[in-house]
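Text of start_33.txt, listed as compact mmCIF, C-alpha atoms:
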# COMPACT_ATOMS: atom_id res chain seq x y z
CA MET F 947 12.32 67.65 13.92
CA THR F 948 11.92 64.17 15.35
CA SER F 949 15.06 62.38 16.46
CA VAL F 950 15.88 59.39 14.26
CA MET F 951 18.64 56.80 14.15
CA ARG F 952 20.92 57.15 11.13
CA SER F 953 23.43 54.73 9.64
CA VAL F 954 26.63 56.76 9.37
CA VAL F 955 29.78 55.92 7.40
CA THR F 956 32.58 56.41 9.94
CA GLY F 957 35.52 54.91 8.07
CA VAL F 958 36.51 54.08 4.49
CA GLY F 959 39.24 51.80 3.17
CA GLY F 960 40.43 50.48 -0.17
CA TYR F 961 42.87 47.95 -1.55
CA LEU F 962 44.27 47.25 -5.01
CA PRO F 963 46.49 44.25 -5.82
CA ASP F 964 50.14 45.01 -6.57
CA ARG F 965 50.12 43.72 -10.14
CA VAL F 966 49.28 46.41 -12.70
CA VAL F 967 48.18 45.38 -16.20
CA THR F 968 48.43 48.15 -18.79
CA ASN F 969 46.58 48.36 -22.08
CA ASP F 970 49.84 47.63 -23.84
CA ASP F 971 50.17 44.46 -21.76
CA LEU F 972 46.74 43.33 -22.95
CA ALA F 973 47.65 44.11 -26.55
CA THR F 974 50.16 41.26 -26.37
CA ARG F 975 47.35 38.83 -25.44
CA VAL F 976 44.40 39.93 -27.55
CA ASP F 977 43.76 41.93 -30.74
CA THR F 978 43.54 45.39 -29.24
CA SER F 979 45.61 48.51 -28.61
CA ASP F 980 46.06 51.20 -25.98
CA GLU F 981 44.40 53.73 -28.31
CA TRP F 982 41.41 51.46 -29.00
CA ILE F 983 40.77 50.86 -25.28
CA ARG F 984 41.24 54.46 -24.16
CA GLU F 985 39.01 55.88 -26.89
CA ARG F 986 36.09 53.56 -26.11
CA THR F 987 36.35 53.24 -22.33
CA GLY F 988 38.78 55.75 -20.82
CA ILE F 989 40.69 52.88 -19.21
CA HIS F 990 44.51 53.08 -19.10
CA GLN F 991 45.28 50.20 -16.76
CA ARG F 992 43.82 47.81 -14.20
CA HIS F 993 45.04 45.78 -11.20
CA GLN F 994 45.05 41.99 -11.14
CA ALA F 995 45.10 39.78 -8.05
CA ALA F 996 47.98 37.36 -7.60
CA ASP F 997 47.26 33.71 -8.35
CA ASP F 998 47.21 32.88 -4.63
CA GLN F 999 45.13 35.94 -3.68
CA PRO F 1000 41.40 35.16 -3.27
CA THR F 1001 38.67 37.77 -3.06
CA SER F 1002 38.58 37.50 0.75
CA ASP F 1003 42.20 38.65 1.00
CA LEU F 1004 41.38 41.81 -0.92
CA ALA F 1005 38.31 42.35 1.26
CA VAL F 1006 40.29 41.93 4.48
CA ALA F 1007 42.94 44.43 3.40
CA ALA F 1008 40.30 47.06 2.57
CA ALA F 1009 38.38 46.30 5.77
CA ARG F 1010 41.46 46.82 7.96
CA ARG F 1011 41.97 50.28 6.49
CA ALA F 1012 38.31 51.16 6.97
CA LEU F 1013 38.38 50.01 10.60
CA GLU F 1014 41.53 52.03 11.24
CA ALA F 1015 39.93 55.12 9.72
CA ALA F 1016 36.88 54.63 11.95
CA GLY F 1017 38.96 54.07 15.08
CA ARG F 1018 37.50 50.58 15.44
CA LYS F 1019 38.97 47.11 15.87
CA PRO F 1020 37.85 43.75 14.45
CA GLU F 1021 36.41 42.80 17.84
CA ASP F 1022 33.95 45.72 17.53
CA VAL F 1023 32.38 44.35 14.34
CA ASP F 1024 29.01 42.60 14.66
CA LEU F 1025 27.85 42.66 11.03
CA ILE F 1026 29.75 41.96 7.80
CA VAL F 1027 28.09 42.28 4.40
CA VAL F 1028 30.28 41.51 1.39
CA ALA F 1029 29.08 42.45 -2.08
CA THR F 1030 30.79 40.16 -4.56
CA THR F 1031 30.25 38.27 -7.79
CA THR F 1032 33.53 36.38 -7.35
CA PRO F 1033 33.37 34.61 -3.96
CA ASP F 1034 36.22 32.44 -2.73
CA LEU F 1035 33.95 29.40 -2.51
CA THR F 1036 30.38 28.43 -3.32
CA PHE F 1037 29.99 28.40 0.44
CA PRO F 1038 30.61 29.58 3.08
CA ALA F 1039 29.94 33.20 2.26
CA THR F 1040 33.02 35.31 1.64
CA ALA F 1041 31.79 37.48 4.54
CA ALA F 1042 32.19 34.54 6.91
CA ILE F 1043 35.72 33.97 5.61
CA VAL F 1044 36.47 37.67 6.14
CA GLN F 1045 35.08 37.41 9.66
CA ARG F 1046 37.48 34.56 10.42
CA LYS F 1047 40.51 36.20 8.82
CA LEU F 1048 39.91 39.50 10.63
CA GLY F 1049 39.31 37.75 13.95
CA CYS F 1050 35.86 39.27 14.49
CA PRO F 1051 33.59 37.78 17.16
CA ILE F 1052 30.50 35.73 16.42
CA GLY F 1053 28.01 37.98 14.66
CA ILE F 1054 26.14 38.34 11.38
CA ALA F 1055 28.00 37.67 8.13
CA PHE F 1056 26.66 37.11 4.62
CA ASP F 1057 27.17 38.06 0.98
CA VAL F 1058 25.06 40.13 -1.40
CA GLN F 1059 25.10 39.30 -5.13
CA ALA F 1060 23.92 42.14 -7.35
CA VAL F 1061 27.04 42.26 -9.52
CA CYS F 1062 28.24 45.85 -10.10
CA SER F 1063 25.29 47.25 -8.11
CA GLY F 1064 26.24 45.08 -5.15
CA PHE F 1065 27.78 47.78 -2.98
CA VAL F 1066 24.71 50.03 -3.20
CA TYR F 1067 22.48 47.05 -2.43
CA ALA F 1068 24.74 46.06 0.48
CA LEU F 1069 24.64 49.55 1.95
CA SER F 1070 20.85 49.41 1.91
CA VAL F 1071 20.88 46.01 3.61
CA ALA F 1072 23.28 47.22 6.29
CA ASP F 1073 21.14 50.30 6.85
CA GLY F 1074 18.25 47.96 7.70
CA PHE F 1075 20.32 46.46 10.50
CA VAL F 1076 22.14 49.53 11.82
CA ALA F 1077 19.33 52.11 11.77
CA ARG F 1078 17.00 49.62 13.51
CA GLY F 1079 19.45 48.87 16.29
CA ARG F 1080 20.33 45.35 15.18
CA ALA F 1081 24.01 46.09 14.55
CA ASN F 1082 26.38 48.56 16.18
CA CYS F 1083 29.44 48.28 13.96
CA ALA F 1084 28.96 47.03 10.40
CA LEU F 1085 31.53 46.37 7.72
CA VAL F 1086 30.15 46.80 4.20
CA ILE F 1087 32.64 45.56 1.64
CA GLY F 1088 32.71 45.43 -2.14
CA ALA F 1089 35.38 42.97 -3.26
CA GLU F 1090 36.03 41.35 -6.63
CA THR F 1091 38.50 39.32 -8.64
CA MET F 1092 36.70 39.97 -11.92
CA THR F 1093 39.72 39.14 -14.07
CA ARG F 1094 39.06 35.48 -13.26
CA LEU F 1095 35.77 35.63 -15.16
CA MET F 1096 37.34 36.93 -18.34
CA ASP F 1097 37.49 35.25 -21.72
CA TRP F 1098 40.92 36.51 -22.74
CA SER F 1099 40.09 36.06 -26.42
CA ASP F 1100 37.16 38.51 -26.21
CA ARG F 1101 38.58 41.99 -26.58
CA GLY F 1102 35.17 43.54 -26.00
CA THR F 1103 35.10 42.43 -22.36
CA CYS F 1104 38.54 41.38 -21.12
CA VAL F 1105 39.92 44.92 -21.39
CA LEU F 1106 37.19 46.38 -19.16
CA PHE F 1107 37.70 44.74 -15.78
CA GLY F 1108 40.11 44.76 -12.87
CA ASP F 1109 40.39 43.45 -9.31
CA GLY F 1110 40.13 45.32 -6.02
CA ALA F 1111 38.18 45.92 -2.82
CA GLY F 1112 36.68 48.82 -0.94
CA ALA F 1113 35.08 48.89 2.50
CA VAL F 1114 33.16 51.19 4.81
CA VAL F 1115 32.35 51.03 8.49
CA VAL F 1116 28.72 51.90 9.23
CA GLU F 1117 27.60 52.82 12.75
CA PRO F 1118 24.40 54.19 14.32
CA ARG F 1119 24.22 57.90 15.14
CA ALA F 1120 21.29 60.01 16.26
CA GLY F 1121 19.99 62.49 13.71
CA GLU F 1122 17.19 65.02 13.45
CA GLY F 1123 15.50 63.45 10.45
CA GLY F 1124 16.53 66.16 8.01
CA THR F 1125 18.84 66.45 5.03
CA THR F 1126 21.65 67.92 7.14
CA ASP F 1127 22.00 64.66 9.11
CA ARG F 1128 25.09 62.56 8.58
CA GLY F 1129 24.40 59.09 7.25
CA LEU F 1130 22.55 57.15 4.59
CA LEU F 1131 19.69 59.43 3.55
CA GLY F 1132 18.04 57.86 0.52
CA PHE F 1133 18.03 54.85 -1.79
CA ALA F 1134 16.55 53.62 -5.04
CA LEU F 1135 17.17 49.97 -5.99
CA ARG F 1136 16.05 48.34 -9.22
CA ALA F 1137 16.28 45.05 -11.13
CA ASP F 1138 14.99 43.78 -14.47
CA GLY F 1139 15.60 40.07 -15.00
CA THR F 1140 14.31 40.22 -18.57
CA LYS F 1141 17.57 41.93 -19.56
CA GLN F 1142 19.76 39.04 -18.40
CA ASP F 1143 21.18 38.37 -21.87
CA LEU F 1144 22.76 41.84 -22.03
CA LEU F 1145 25.32 41.07 -19.31
CA PHE F 1146 25.87 37.67 -17.71
CA VAL F 1147 28.31 34.81 -17.07
CA ASP F 1148 27.62 31.73 -19.18
CA GLY F 1149 28.20 29.21 -16.40
CA GLY F 1150 27.61 28.44 -12.75
CA VAL F 1151 27.46 25.70 -10.14
CA SER F 1152 24.18 24.16 -11.30
CA THR F 1153 25.27 24.16 -14.94
CA GLY F 1154 28.55 22.40 -14.18
CA GLN F 1155 30.53 25.05 -16.06
CA ILE F 1156 32.83 27.79 -14.80
CA GLY F 1157 31.75 30.26 -17.47
CA HIS F 1158 32.97 33.63 -18.72
CA LEU F 1159 31.50 37.11 -18.72
CA ARG F 1160 29.41 37.95 -21.80
CA MET F 1161 28.12 41.39 -22.66
CA GLN F 1162 26.23 43.26 -25.35
CA GLY F 1163 28.10 46.50 -24.80
CA ASN F 1164 26.01 48.89 -26.87
CA GLN F 1165 22.76 47.72 -25.28
CA VAL F 1166 24.23 47.92 -21.77
CA PHE F 1167 25.39 51.48 -22.44
CA ARG F 1168 21.92 52.54 -23.59
CA HIS F 1169 20.17 51.03 -20.60
CA ALA F 1170 22.81 52.33 -18.18
CA VAL F 1171 22.38 56.01 -18.98
CA VAL F 1172 18.56 55.93 -18.95
CA ASN F 1173 18.04 53.60 -15.98
CA ILE F 1174 20.71 55.06 -13.72
CA SER F 1175 19.44 58.57 -14.31
CA GLU F 1176 15.95 57.54 -13.16
CA ALA F 1177 17.32 55.87 -10.04
CA ILE F 1178 19.45 58.90 -9.20
CA ARG F 1179 16.40 61.16 -9.27
CA ALA F 1180 14.41 58.65 -7.19
CA ALA F 1181 17.16 58.37 -4.56
CA ALA F 1182 17.43 62.16 -4.38
CA ASP F 1183 13.66 62.38 -3.86
CA ASP F 1184 13.85 59.70 -1.18
CA ALA F 1185 16.54 61.71 0.60
CA GLY F 1186 14.68 64.99 0.19
CA ILE F 1187 17.51 66.68 -1.72
CA THR F 1188 18.08 67.97 -5.23
CA VAL F 1189 20.63 66.34 -7.49
CA ALA F 1190 22.25 69.75 -8.00
CA SER F 1191 22.94 70.05 -4.25
CA VAL F 1192 25.32 67.08 -4.05
CA ASP F 1193 28.97 67.85 -3.47
CA TRP F 1194 30.33 64.74 -5.19
CA PHE F 1195 28.98 62.22 -7.65
CA ILE F 1196 30.71 58.87 -7.07
CA PRO F 1197 29.51 56.46 -9.74
CA HIS F 1198 30.28 52.87 -10.53
CA GLN F 1199 33.42 52.96 -12.64
CA ALA F 1200 32.28 51.01 -15.70
CA ASN F 1201 33.17 53.25 -18.60
CA GLN F 1202 34.12 56.94 -18.78
CA ARG F 1203 31.51 57.53 -21.48
CA ILE F 1204 28.75 56.16 -19.22
CA LEU F 1205 29.94 58.36 -16.33
CA GLU F 1206 29.82 61.44 -18.54
CA GLY F 1207 26.50 60.47 -20.11
CA VAL F 1208 24.75 60.01 -16.78
CA ALA F 1209 26.20 63.20 -15.28
CA LYS F 1210 25.04 65.20 -18.29
CA ARG F 1211 21.56 63.66 -18.29
CA VAL F 1212 20.90 64.47 -14.60
CA GLY F 1213 22.64 67.86 -14.69
CA ILE F 1214 25.69 67.16 -12.56
CA ASP F 1215 28.73 69.35 -13.22
CA GLU F 1216 31.58 67.17 -14.54
CA LYS F 1217 33.85 68.80 -11.93
CA LYS F 1218 31.81 67.01 -9.26
CA VAL F 1219 32.39 63.54 -10.76
CA ILE F 1220 34.99 61.31 -9.13
CA SER F 1221 36.40 59.01 -11.77
CA THR F 1222 38.96 56.27 -11.17
CA VAL F 1223 38.12 54.20 -14.24
CA ALA F 1224 41.39 55.16 -15.99
CA GLN F 1225 43.52 53.56 -13.27
CA HIS F 1226 41.22 50.87 -11.83
CA ALA F 1227 39.01 49.84 -14.79
CA ASN F 1228 35.70 48.20 -13.78
CA THR F 1229 36.09 46.47 -10.41
CA SER F 1230 32.36 45.69 -10.20
CA ALA F 1231 31.05 45.93 -6.60
CA ALA F 1232 34.40 47.32 -5.43
CA SER F 1233 34.40 50.34 -7.74
CA ILE F 1234 32.26 52.77 -5.70
CA PRO F 1235 34.02 52.30 -2.34
CA LEU F 1236 37.40 52.40 -4.10
CA ALA F 1237 36.47 55.71 -5.75
CA LEU F 1238 35.22 57.06 -2.41
CA TYR F 1239 38.48 55.98 -0.77
CA GLN F 1240 40.49 57.70 -3.52
CA GLY F 1241 38.48 60.89 -3.10
CA LEU F 1242 39.16 60.91 0.63
CA GLN F 1243 42.84 60.10 0.18
CA ASP F 1244 43.44 62.97 -2.24
CA GLY F 1245 41.46 65.43 -0.14
CA ARG F 1246 38.58 66.14 -2.49
CA VAL F 1247 35.94 64.36 -0.41
CA LYS F 1248 35.53 65.75 3.11
CA PRO F 1249 33.40 64.88 6.14
CA GLY F 1250 30.01 66.55 6.08
CA GLN F 1251 29.71 66.59 2.30
CA LEU F 1252 26.70 65.23 0.43
CA LEU F 1253 27.54 62.28 -1.81
CA LEU F 1254 25.59 60.57 -4.58
CA LEU F 1255 26.47 56.96 -5.43
CA GLU F 1256 25.11 54.92 -8.34
CA ALA F 1257 25.75 51.66 -10.17
CA MET F 1258 24.39 49.27 -12.77
CA GLY F 1259 25.34 45.63 -13.33
CA GLY F 1260 24.26 42.27 -14.62
CA GLY F 1261 20.73 41.19 -13.86
CA LEU F 1262 20.17 43.86 -14.91
CA THR F 1263 20.42 45.53 -11.51
CA TRP F 1264 20.92 49.19 -10.78
CA GLY F 1265 20.50 51.66 -7.97
CA ALA F 1266 21.56 54.86 -6.28
CA CYS F 1267 22.25 56.10 -2.77
CA VAL F 1268 22.50 59.52 -1.16
CA LEU F 1269 24.62 59.91 1.95
CA ARG F 1270 26.18 62.67 3.98
CA LEU F 1271 29.65 61.66 5.10

As structure tokens, what does this structure read like?
Amino acid sequence: MTSVMRSVVTGVGGYLPDRVVTNDDLATRVDTSDEWIRERTGIHQRHQAADDQPTSDLAVAAARRALEAAGRKPEDVDLIVVATTTPDLTFPATAAIVQRKLGCPIGIAFDVQAVCSGFVYALSVADGFVARGRANCALVIGAETMTRLMDWSDRGTCVLFGDGAGAVVVEPRAGEGGTTDRGLLGFALRADGTKQDLLFVDGGVSTGQIGHLRMQGNQVFRHAVVNISEAIRAAADDAGITVASVDWFIPHQANQRILEGVAKRVGIDEKKVISTVAQHANTSAASIPLALYQGLQDGRVKPGQLLLLEAMGGGLTWGACVLRL
């Protein structure tokens, strides 16, 4: 086989804010109950950032753990891509703020906005730099303070989301061009702007309104299962592997019913699904790297294993990625 340059994940980190908000806590704020939330979503609790804790702080904490796991230091980093829907400021990019807070040297830093699909999109973007020799040590971070977009009178949405951050270090490594290589092996990215009204925030800078998250839950569920399943198969084809051959399925943690529906539709054994939705809720772009971090921390995910990642978010955007750790 021909030698190729691969983008390899060499370190993973995660961070969750200290404050835990249980379903019972939410029941004191909105007309809901622990039973109602668990039955419909599988969520038991979520984490919420402190009032003085911006998204960049969560990102930095996760990034430090990823760098430590990779045996790298901030001065090694030459590319930072932050996937976020909840940036600190309109500008500069949260990635540039992370660069400053970490003490990284002058390099490339920018954000990717694809909502819950952001981390998969950001991995693909970083792969374009790393595998082509334009970056030697990339930080790819999913970081969100989604609770700040909530309408706390809307029980259909405010119970679903939490705050957190996950990060990976991506570095170039030579491979043989086959499916046994370590690294990012295949992608499928999608967007359909005609479905905007199914999941969006009703405000933004140019509208002069802050806005809150709005969602047509039943419609999102229907599109999620069908669309994600197609992207999973496309990413597997791109990587040259079968879906059945993956060791772990690490999906976006939106809703336990969606996780189970997608796994069943594409034929993935439920024992291969890593779910953190009960403890983390939906942390948008942070959910996949946080789940990966959890899997590594508890010993289920191991180096050399084949992983399948997928997500769907507002836009609508969705996508999948195959990687060997």

Find the residues near stretch 1127-1138 of chain F: any atom within 7 Å, counting all atoms listed in the file, skip ones fewer than 4 places away on the same chain, and give them as a list in words.
Arg952, Ser953, Val954, Val955, Gly1121, Glu1122, Gly1123, Ala1177, Ala1180, Ala1181, Ala1182, Asp1184, Ala1185, Gly1250, Gly1261, Leu1262, Thr1263, Trp1264, Gly1265, Ala1266, Cys1267, Val1268, Leu1269, Arg1270 and Leu1271 of chain F

Mind working out the centre and edge lengths of an axis-aligned box for stretch 1216-1234 of chain F, all listed atoms inside, 6 Å added to each side, rounded to one decimal in Å and written as JSON?
{"center_x": 37.3, "center_y": 57.2, "center_z": -10.7, "size_x": 24.5, "size_y": 35.1, "size_z": 22.6}

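One finds atom CA of F:Val1114 at 13.4 Å from atom CA of F:Val1071.
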
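Comparing the minimum interatomic distances between F:Val1066 and each of F:Pro1051, F:Gly1154, F:Pro1038, F:Pro1197, counting all atoms listed in the file, we find that F:Pro1197 sits nearest.
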
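Interatomic distance, atom CA of F:Ala1084 against atom CA of F:Gln1225: 28.5 Å.
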
Min atom-atom distance to F:Ala1042 from the set F:Asp1100, F:Arg975, F:Val1105, F:Phe1056, counting all atoms listed in the file, belongs to F:Phe1056

Can you find the residues with an atom no farther than 7 Å from (27.5, 50.3, -7.9), counting only C-alpha atoms, and report them as an mmCIF file with C-alpha atoms, in the coordinates of the input?
data_model
loop_
_atom_site.group_PDB
_atom_site.id
_atom_site.type_symbol
_atom_site.label_atom_id
_atom_site.label_comp_id
_atom_site.auth_asym_id
_atom_site.auth_seq_id
_atom_site.Cartn_x
_atom_site.Cartn_y
_atom_site.Cartn_z
ATOM 1 C CA CYS F 1062 28.240 45.850 -10.100
ATOM 2 C CA SER F 1063 25.290 47.250 -8.110
ATOM 3 C CA GLY F 1064 26.240 45.080 -5.150
ATOM 4 C CA PHE F 1065 27.780 47.780 -2.980
ATOM 5 C CA VAL F 1066 24.710 50.030 -3.200
ATOM 6 C CA PRO F 1197 29.510 56.460 -9.740
ATOM 7 C CA HIS F 1198 30.280 52.870 -10.530
ATOM 8 C CA ALA F 1231 31.050 45.930 -6.600
ATOM 9 C CA SER F 1233 34.400 50.340 -7.740
ATOM 10 C CA ILE F 1234 32.260 52.770 -5.700
ATOM 11 C CA GLU F 1256 25.110 54.920 -8.340
ATOM 12 C CA ALA F 1257 25.750 51.660 -10.170
ATOM 13 C CA MET F 1258 24.390 49.270 -12.770
#

Compile the contact shell of stretch 1209-1222 of chain F as an mmCIF file with C-alpha atoms, keeping the file's coordinate frame: residues with an atom at most 7 Å away, counting all atoms listed in the file, same-chain residues fewer than 3 positions apart removed.
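Listing of part_38.cif after writing:
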data_model
loop_
_atom_site.group_PDB
_atom_site.id
_atom_site.type_symbol
_atom_site.label_atom_id
_atom_site.label_comp_id
_atom_site.auth_asym_id
_atom_site.auth_seq_id
_atom_site.Cartn_x
_atom_site.Cartn_y
_atom_site.Cartn_z
ATOM 1 C CA SER F 1175 19.440 58.570 -14.310
ATOM 2 C CA ALA F 1190 22.250 69.750 -8.000
ATOM 3 C CA ASP F 1193 28.970 67.850 -3.470
ATOM 4 C CA TRP F 1194 30.330 64.740 -5.190
ATOM 5 C CA PHE F 1195 28.980 62.220 -7.650
ATOM 6 C CA ILE F 1196 30.710 58.870 -7.070
ATOM 7 C CA GLN F 1199 33.420 52.960 -12.640
ATOM 8 C CA LEU F 1205 29.940 58.360 -16.330
ATOM 9 C CA GLU F 1206 29.820 61.440 -18.540
ATOM 10 C CA GLN F 1225 43.520 53.560 -13.270
ATOM 11 C CA HIS F 1226 41.220 50.870 -11.830
ATOM 12 C CA ALA F 1237 36.470 55.710 -5.750
ATOM 13 C CA GLY F 1241 38.480 60.890 -3.100
#

From atom CA of F:Leu1254 to atom CA of F:Phe1167 the spacing works out at 20.0 Å

Which of F:Ile1054, F:Leu1145, F:Ala1113, F:Ile1026 sits closest to F:Leu1004 [using only C-alpha atoms]:
F:Ala1113

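Minimum atom-to-atom distances from F:Asn969, F:Ala1039, F:Thr1032, F:Val1115 to F:Pro1020 were compared using only C-alpha atoms, and the lowest value belongs to F:Val1115.
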
Proximity to F:Arg1018 - best of F:Gln1162, F:Val1061, F:Ala1068, F:Leu1085, only C-alpha atoms:
F:Leu1085

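Shortest atom-to-atom contact with F:Asn1228 among F:Val1189, F:Ile989, F:Leu1069, F:Ile1087: F:Ile989, counting only C-alpha atoms.
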
Can you find the residues with an atom no farther than 8 Å from (30.5, 42.6, -2.2), counting all atoms listed in the file, and report them as a compact mmCIF listing (two decimals) with C-alpha atoms, keeping the file's coordinate frame?
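Output file out35.txt is given in full below:
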# COMPACT_ATOMS: atom_id res chain seq x y z
CA VAL F 1027 28.09 42.28 4.40
CA VAL F 1028 30.28 41.51 1.39
CA ALA F 1029 29.08 42.45 -2.08
CA THR F 1030 30.79 40.16 -4.56
CA THR F 1031 30.25 38.27 -7.79
CA ASP F 1057 27.17 38.06 0.98
CA VAL F 1058 25.06 40.13 -1.40
CA GLN F 1059 25.10 39.30 -5.13
CA GLY F 1064 26.24 45.08 -5.15
CA PHE F 1065 27.78 47.78 -2.98
CA ALA F 1068 24.74 46.06 0.48
CA VAL F 1086 30.15 46.80 4.20
CA ILE F 1087 32.64 45.56 1.64
CA GLY F 1088 32.71 45.43 -2.14
CA ALA F 1089 35.38 42.97 -3.26
CA GLU F 1090 36.03 41.35 -6.63
CA ALA F 1231 31.05 45.93 -6.60
CA ALA F 1232 34.40 47.32 -5.43

Compile a residue-level contact table for stretch 1129-1184 of chain F against stretch 1201-1204 of chain F at a cut-off of 9 Å, reporting for every qualifying residue the shortest atom pair and its distance in Å to one decimal, with only C-alpha atoms counted, rows ordered by chain and ascending number, as CSV.
residue,atom,partner,partner_atom,distance
F:Phe1167,CA,F:Ile1204,CA,6.6
F:Arg1168,CA,F:Ile1204,CA,8.9
F:Ala1170,CA,F:Ile1204,CA,7.1
F:Val1171,CA,F:Ile1204,CA,6.4

Could you turn the residues from that selection into a file that holds C-alpha atoms, as a PDB file, keeping the file's coordinate frame?
ATOM      1  CA  PHE F1167      25.390  51.480 -22.440  1.00  0.00           C
ATOM      2  CA  ARG F1168      21.920  52.540 -23.590  1.00  0.00           C
ATOM      3  CA  ALA F1170      22.810  52.330 -18.180  1.00  0.00           C
ATOM      4  CA  VAL F1171      22.380  56.010 -18.980  1.00  0.00           C
TER       5      VAL F1171
END

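Contact shell of F:Arg1078 at 10 Å (all atoms listed in the file; same-chain neighbours under 3 positions omitted): Val950, Met951, Arg952, Ser953, Ala1072, Asp1073, Gly1074, Phe1075, Ala1081, Asn1082 and Pro1118 of chain F.
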
Within 7 Å of F:Leu1095, counting only C-alpha atoms, which residues show up once you throw out same-chain ones fewer than 3 positions away? Write them as a PDB file with C-alpha atoms, in the frame of the given file, please.
ATOM      1  CA  MET F1092      36.700  39.970 -11.920  1.00  0.00           C
ATOM      2  CA  HIS F1158      32.970  33.630 -18.720  1.00  0.00           C
ATOM      3  CA  LEU F1159      31.500  37.110 -18.720  1.00  0.00           C
TER       4      LEU F1159
END

What lies within 12 Å of F:Asp977 using only C-alpha atoms, ignoring chain neighbours under 2 positions off, as a ChimeraX atom specification?
/F:969-975,979-980,982-983,1098-1102,1104-1105

Would you mind completing stretch 1142-1157 of chain F so that it carries N, CA and C atoms, and writing it out as a PDB file, in the frame of the given file?
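part-v6.pdb, written as the output of this step:
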ATOM      1  N   GLN F1142      18.630  39.890 -18.774  1.00  0.00           N
ATOM      2  CA  GLN F1142      19.760  39.040 -18.400  1.00  0.00           C
ATOM      3  C   GLN F1142      20.778  38.874 -19.523  1.00  0.00           C
ATOM      4  N   ASP F1143      20.293  38.690 -20.755  1.00  0.00           N
ATOM      5  CA  ASP F1143      21.180  38.370 -21.870  1.00  0.00           C
ATOM      6  C   ASP F1143      22.115  39.519 -22.258  1.00  0.00           C
ATOM      7  N   LEU F1144      21.893  40.706 -21.692  1.00  0.00           N
ATOM      8  CA  LEU F1144      22.760  41.840 -22.030  1.00  0.00           C
ATOM      9  C   LEU F1144      24.091  41.772 -21.287  1.00  0.00           C
ATOM     10  N   LEU F1145      24.101  41.135 -20.116  1.00  0.00           N
ATOM     11  CA  LEU F1145      25.320  41.070 -19.310  1.00  0.00           C
ATOM     12  C   LEU F1145      25.193  39.909 -18.329  1.00  0.00           C
ATOM     13  N   PHE F1146      25.999  38.864 -18.540  1.00  0.00           N
ATOM     14  CA  PHE F1146      25.870  37.670 -17.710  1.00  0.00           C
ATOM     15  C   PHE F1146      27.145  36.838 -17.815  1.00  0.00           C
ATOM     16  N   VAL F1147      27.249  35.815 -16.976  1.00  0.00           N
ATOM     17  CA  VAL F1147      28.310  34.810 -17.070  1.00  0.00           C
ATOM     18  C   VAL F1147      27.670  33.516 -17.528  1.00  0.00           C
ATOM     19  N   ASP F1148      28.244  32.904 -18.569  1.00  0.00           N
ATOM     20  CA  ASP F1148      27.620  31.730 -19.180  1.00  0.00           C
ATOM     21  C   ASP F1148      28.011  30.423 -18.483  1.00  0.00           C
ATOM     22  N   GLY F1149      27.912  30.419 -17.170  1.00  0.00           N
ATOM     23  CA  GLY F1149      28.200  29.210 -16.400  1.00  0.00           C
ATOM     24  C   GLY F1149      27.898  29.443 -14.932  1.00  0.00           C
ATOM     25  N   GLY F1150      27.878  28.360 -14.174  1.00  0.00           N
ATOM     26  CA  GLY F1150      27.610  28.440 -12.750  1.00  0.00           C
ATOM     27  C   GLY F1150      27.573  27.052 -12.149  1.00  0.00           C
ATOM     28  N   VAL F1151      27.401  26.972 -10.850  1.00  0.00           N
ATOM     29  CA  VAL F1151      27.460  25.700 -10.140  1.00  0.00           C
ATOM     30  C   VAL F1151      26.461  24.703 -10.707  1.00  0.00           C
ATOM     31  N   SER F1152      25.215  25.112 -10.885  1.00  0.00           N
ATOM     32  CA  SER F1152      24.180  24.160 -11.300  1.00  0.00           C
ATOM     33  C   SER F1152      24.278  23.775 -12.771  1.00  0.00           C
ATOM     34  N   THR F1153      25.071  24.528 -13.541  1.00  0.00           N
ATOM     35  CA  THR F1153      25.270  24.160 -14.940  1.00  0.00           C
ATOM     36  C   THR F1153      26.495  23.275 -15.123  1.00  0.00           C
ATOM     37  N   GLY F1154      27.338  23.207 -14.093  1.00  0.00           N
ATOM     38  CA  GLY F1154      28.550  22.400 -14.180  1.00  0.00           C
ATOM     39  C   GLY F1154      29.650  23.033 -15.005  1.00  0.00           C
ATOM     40  N   GLN F1155      29.527  24.339 -15.285  1.00  0.00           N
ATOM     41  CA  GLN F1155      30.530  25.050 -16.060  1.00  0.00           C
ATOM     42  C   GLN F1155      31.024  26.270 -15.282  1.00  0.00           C
ATOM     43  N   ILE F1156      32.284  26.609 -15.472  1.00  0.00           N
ATOM     44  CA  ILE F1156      32.830  27.790 -14.800  1.00  0.00           C
ATOM     45  C   ILE F1156      32.263  29.051 -15.444  1.00  0.00           C
ATOM     46  N   GLY F1157      32.347  29.147 -16.760  1.00  0.00           N
ATOM     47  CA  GLY F1157      31.750  30.260 -17.470  1.00  0.00           C
ATOM     48  C   GLY F1157      32.628  31.500 -17.554  1.00  0.00           C
TER      49      GLY F1157
END
